[in-house]
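**Student:** Mind looking over this structure? Questions follow.
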Amino acid sequence: MLISGLQKLTLLDYPGLVACTVFTGGCNLRCPFCHNALLVTRLAETPEIPEQEVLGFLSSRKGLLDGVVLTGGEPLLQPDAADFLRKVRELGFAVKLDTNGCDPARLAEILNQGLVDYVAMDVKNAPARYAETVGIPGFNPAPVEESIRLLRKSTVDYEFRTTLVRELHRPEDLDAIAAWLAGAPRYYLQNFVDSGNLIGRGYHGFTAEQLQGFAERVRPFFGAVELRGID
């Protein structure tokens with residue numbers, strides 16, 4: 001496992017649980033608004049953390065932490081992601097996986113083996129605007145569609161989420177996303193926040209009022225719709 005970061009305590013990344021977050025390095029997408037370029041385009045600048053060091057830390061936090069979030073980058077790029085998650089579960093932790101849904105085969109392996117308790121999948125935009133939004137000309141969202149299907153039929157709890165960027169998301173795009181994901185138990189709209197460490201430049205978030213309007217627009221399509229990233 002290429003582990004490039006460890007947040008030892010988070011009350012936000014795993015809904016309802018006290019957790020830590022493990023960051024893997026590398027991503028197959030180049031979303032220009034990505035807030036963590038160090039894990040995507042500047043990976044050589046980020047020191048690697050040995051897997052055994054992370055597992056040792058987790059062993060020392062039994063009874064203090066409830067869960068572990070595996071995120072990235074894109075964690076499913078790691079060929080041994082399933083093995084790592086198995087070790088984490090053997091330590092007694094609940095597991096949440098963050099993924100962009102581009103590797104449905106590896107996602108299916110993890111779901112079928114019961115290695116995760118919760119999946120948060122990023123849906124970047126409406127299918128017609130996926131290539132533009134992920135920074136990959138000609139990108140085919142078919143693998144993302146397959147991952148959506150896998151989560152729908154799985155017994156694992158999950159959410160879909162979209163980071164909203166003023167330059168990339170229009171009301172009609174939200175309509176298309178809602179139709180695409182209709183019936184999902186929960187959908188989170190996340191406001192873009194400029195971390196100062198982006199892949200691209202010139203991107204902005206929405207006002208709280210605009211986000212509330214987006215939420216009302218898509219709410220009829222989901223079990224629950226909530227906002228993140230606003231005061």
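The chains in the structure tokens are called A, B, ... from first to last as shown; in each chain the residues are counted from 1, and the ligands are counted from 1 in the order shown.
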Between range 115-180 of chain A and range 80-94 of chain A, at 10 Å or less, what are the per-residue closest atom pairs and their distances in Å? Count only C-alpha atoms, order by chain and rising residue number, and return it as a tab-separated table.
**Tutor:**
residue	atom	partner	partner_atom	distance
A:Leu115	CA	A:Arg86	CA	6.1
A:Val116	CA	A:Ala94	CA	7.3
A:Asp117	CA	A:Ala94	CA	6.2
A:Tyr118	CA	A:Ala94	CA	8.4
**Student:** Mind writing the picked residues with N, CA, C and O atoms as an mmCIF file, in the first residue's frame?
**Tutor:**
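Done, and the output landed in part30.cif:
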data_model
loop_
_atom_site.group_PDB
_atom_site.id
_atom_site.type_symbol
_atom_site.label_atom_id
_atom_site.label_comp_id
_atom_site.auth_asym_id
_atom_site.auth_seq_id
_atom_site.Cartn_x
_atom_site.Cartn_y
_atom_site.Cartn_z
ATOM 1 N N LEU A 115 -15.510 -6.264 3.206
ATOM 2 C CA LEU A 115 -14.372 -5.563 3.805
ATOM 3 C C LEU A 115 -14.670 -4.120 4.165
ATOM 4 O O LEU A 115 -13.807 -3.445 4.731
ATOM 5 N N VAL A 116 -15.859 -3.634 3.829
ATOM 6 C CA VAL A 116 -16.216 -2.262 4.165
ATOM 7 C C VAL A 116 -17.609 -2.225 4.779
ATOM 8 O O VAL A 116 -18.461 -3.072 4.511
ATOM 9 N N ASP A 117 -17.820 -1.207 5.610
ATOM 10 C CA ASP A 117 -19.129 -0.982 6.222
ATOM 11 C C ASP A 117 -19.867 0.179 5.583
ATOM 12 O O ASP A 117 -21.086 0.281 5.699
ATOM 13 N N TYR A 118 -19.107 1.054 4.924
ATOM 14 C CA TYR A 118 -19.705 2.263 4.360
ATOM 15 C C TYR A 118 -18.850 2.704 3.182
ATOM 16 O O TYR A 118 -17.623 2.670 3.259
#
**Student:** Per DSSP on the backbone, what are the helix (DSSP H, G or I) residues of range 1-230 of chain A, as an MDAnalysis selection string?
**Tutor:** chainID A and resid 37:39 43:45 51:60 75:77 81:90 104:112 127:134 142:153 171:181 208:221
**Student:** Taking only residues of range 71-140 of chain A that have an atom at most 8 Å from an atom of range 32-55 of chain A, what is each one's shortest atom pair and its distance in Å to one decimal, using only C-alpha atoms, in chain and number order, as CSV?
**Tutor:**
residue,atom,partner,partner_atom,distance
A:Gly72,CA,A:Leu39,CA,7.0
A:Gly73,CA,A:Leu39,CA,5.5
A:Lys87,CA,A:Leu55,CA,7.9
A:Val88,CA,A:Leu55,CA,7.3
A:Thr133,CA,A:Pro32,CA,7.4
A:Val134,CA,A:Pro32,CA,7.0
A:Gly135,CA,A:Pro32,CA,6.2
**Student:** Neighbouring residues of Cys20 in chain A were defined as those with any atom within 7 Å, considering only C-alpha atoms; residues of the same chain fewer than 6 positions away were excluded. Please report them as a list in words.
**Tutor:** Gln7, Lys8, Leu9, Thr10, Gly67, Val68 and Val69 of chain A
**Student:** What does the structure give for the distance between CA of Arg106 in chain A and CA of Gln78 in chain A, in Å to one decimal?
**Tutor:**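 Here the two named atoms are 9.5 Å from each other.
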**Student:** For Pro185 in chain A, work out the shell of residues within 9 Å, counting only C-alpha atoms and skipping chain neighbours fewer than 6 positions away, then give it as a list in words.
**Tutor:**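 Listing them by chain and then by number gives Asp157, Tyr158, Glu159, Phe160, Phe222, Gly223, Ala224 and Val225 of chain A.
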**Student:** Using only C-alpha atoms, pick whichever of A:Ile177, A:Val156, A:Leu64, A:Ala131 has the shortest atom-to-atom distance to Ile110 in chain A.
**Tutor:**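 Looking at the shortest contact to Ile110 in chain A, the residue is A:Val156.
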**Student:** Just want the 12 Å neighbourhood of Arg149 in chain A, counted on only C-alpha atoms, with same-chain residues fewer than 2 positions away dropped. Output as a PyMOL selection string.
**Tutor:** chain A and resi 101+104-105+107-108+121+142-147+151-154+158+160+180-184
